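**Student:** Structure incoming, see below.
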Amino acid sequence: MLFSKKELNFDVPKVMGVINLTPDSFSDGGRFNFPNSKKIDKGKVLKEIEKMQSHGASFIDIGAESTRPNSIRISAEEELDRIVPILEEIKNIEAVVSIDSSKSEVIFEAIKSGVDLINDINSLKDEKSLELVKNYKLPICIMHKERNLTKNSICSEIENYFDKKISELSKKGILKEKIILDPGFGFGKTTFENIEIISKFDYKKFENLCLVGISRKGFLKKLTRETNLDQTSITTGIISLLNGAKILRVHNVPMTVAMVEEVFG
């Protein structure tokens, strides 16, 4: 798949490293802030991105607003203040740069900065965002999070959502081959439903690339009673890759890349 000028072969699954420029993300909020400050330590961020690349991350996903349950929404201006200085510094890196945002103002500035992929958990609900993605022909990652409270299994519900959304976006001018699918672990789903997705969801049913963001999710802590969730995150992520997903969105890049290489060669 072509991401701007970066071509990736998915014969072997790829790893996406997470950079959260937020003070309140569930796993690593405040990690890149100066001590006792809301200001971003740009040097620390760039060092981490370099480290992720050196350990084999094919994608770097950068977000500046937390999407954890009950998190506080921020203005586009505040999100831009956090993220634009970083994007300006990584225009020419080897990895595919992904922006994790649902705001059209942020997406537009990210596109101007040369971002390669839009990761929108609201699946282009904002018509302005949709027009930007369409006009610039960028890949877009959409996510299942809106529950359809029927008697269908969670896997059937996600499949139906993806089929409907792919058709809807295609009719509005989004290139079908540019759509990436994310089942949305943890978003409005029970622990049992998350386990069902891990064990049963068949990503191979779709021609589109599928991305899994399961790293350090809260339901894993409920299952394991552990504080360090990296090993569990990687294990469940590998199961998703074996079921046909092609991209793992993770916090611990070195451990994940090592395991992906061991399993998939």
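Chains: A, B, ... in order of the structure tokens. Residues: from 1 per chain. Ligands: from 1, in order shown.
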What's around A:Asn228 at 9 Å? Count only C-alpha atoms, leave out sequence neighbours fewer than 4 positions away in its own chain, and write the answer as a ChimeraX atom specification.
**Tutor:** /A:216,221,232
**Student:** Would you mind exporting the chosen residues as a short mmCIF file (atom, residue, chain, number, x, y, z; two decimals), in the first residue's frame, restricted to C-alpha atoms?
**Tutor:**
```
data_model
loop_
_atom_site.label_atom_id
_atom_site.label_comp_id
_atom_site.auth_asym_id
_atom_site.auth_seq_id
_atom_site.Cartn_x
_atom_site.Cartn_y
_atom_site.Cartn_z
CA ARG A 216 -2.35 -1.68 27.38
CA LYS A 221 -5.73 -5.31 33.37
CA THR A 232 -0.27 -9.52 27.43
#
```
**Student:** Any idea what's packed within 7 Å of A:Ser101, counting only C-alpha atoms, ignoring anything in its chain fewer than 5 positions away? Could you give it as a PyMOL selection string?
**Tutor:** chain A and resi 63+106-107+119-120
**Student:** Write a file of the just-selected residues containing C-alpha atoms, as a PDB file, in the first residue's frame.
**Tutor:**
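Result went into again_21.pdb, see below:
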```
ATOM      1  CA  GLY A  63      -1.990  12.065  18.967  1.00  0.00           C
ATOM      2  CA  VAL A 106      -5.888  19.528  12.967  1.00  0.00           C
ATOM      3  CA  ILE A 107      -6.121  17.148  10.010  1.00  0.00           C
ATOM      4  CA  ASN A 119      -6.306   7.870  12.029  1.00  0.00           C
ATOM      5  CA  ASP A 120      -9.809   9.105  12.884  1.00  0.00           C
TER       6      ASP A 120
END
```
**Student:** Quick one: pick out all helix (DSSP H, G or I) residues within stretch 107-209 of chain A from a backbone DSSP run and write them as a PyMOL selection string.
**Tutor:** chain A and resi 107-112+127-136+154-171+176-178+191-200+203-205
**Student:** As a PyMOL selection string, which residues of stretch 6-243 of chain A does DSSP assign to strand (DSSP E or B)?
**Tutor:** chain A and resi 6-7+14-20+33+40+59-63+96-100+117-120+140-143+179-182+210-212
**Student:** Which residue, A:Ser102, A:Ser123, A:Val45, A:Ser240, has the smallest gap to A:Lys164 when you use only C-alpha atoms?
**Tutor:**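 The closest residue to A:Lys164 is A:Ser123.
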**Student:** For atom CA of A:Phe201 and atom CA of A:Asp182, determine how far apart the two atoms are, in Å to one decimal place.
**Tutor:**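 Computing it gives 11.4 Å between the two atoms.
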**Student:** Contacts of A:Met52 at 8 Å or less, counting only C-alpha atoms, minus same-chain residues fewer than 6 places along, as a VMD selection string?
**Tutor:** chain A and resid 17 60 253 to 254
**Student:** Please save N, CA and C atoms of the selected residues as a PDB file, in the first residue's frame.
**Tutor:**
```pdb
ATOM      1  N   GLY A  17       4.138   2.524  16.249  1.00  0.00           N
ATOM      2  CA  GLY A  17       4.474   3.038  17.568  1.00  0.00           C
ATOM      3  C   GLY A  17       3.586   4.206  17.950  1.00  0.00           C
ATOM      4  N   ILE A  60       4.531   5.640  12.803  1.00  0.00           N
ATOM      5  CA  ILE A  60       4.527   6.432  14.039  1.00  0.00           C
ATOM      6  C   ILE A  60       3.188   7.155  14.091  1.00  0.00           C
ATOM      7  N   VAL A 253       7.473  -0.809  21.306  1.00  0.00           N
ATOM      8  CA  VAL A 253       7.869  -1.201  19.952  1.00  0.00           C
ATOM      9  C   VAL A 253       8.925  -2.312  19.948  1.00  0.00           C
ATOM     10  N   PRO A 254      10.016  -2.202  20.724  1.00  0.00           N
ATOM     11  CA  PRO A 254      11.066  -3.239  20.642  1.00  0.00           C
ATOM     12  C   PRO A 254      10.548  -4.651  20.916  1.00  0.00           C
TER      13      PRO A 254
END
```
**Student:** Under the rule that only C-alpha atoms are counted, which of A:Ser233, A:Thr22, A:Ser75, A:Asn208 is the nearest residue to A:Ile179?
**Tutor:**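 Smallest separation from A:Ile179 among the options: A:Asn208.
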**Student:** Give me, as a ChimeraX atom specification, all polymer residues having an atom no more than 9 Å from A:Val260, counting only C-alpha atoms and skipping those fewer than 3 positions away in the same chain.
**Tutor:** /A:12-15,234,238,241,255-257,263-265
**Student:** When you look at A:Lys103 with a cut-off of 9 Å (counting only C-alpha atoms), what residues show up, excluding the ones that are within fewer than 6 positions of it in the same chain? I need them as a list in words.
**Tutor:**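 Close residues of A:Lys103: Ala76, Asp120, Asp126, Lys128 and Ser129 of chain A.
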**Student:** Interatomic distance between atom CA of A:Glu88 and atom CA of A:Glu109?
**Tutor:**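 Separating atom CA of A:Glu88 from atom CA of A:Glu109 is a distance of 10.2 Å.
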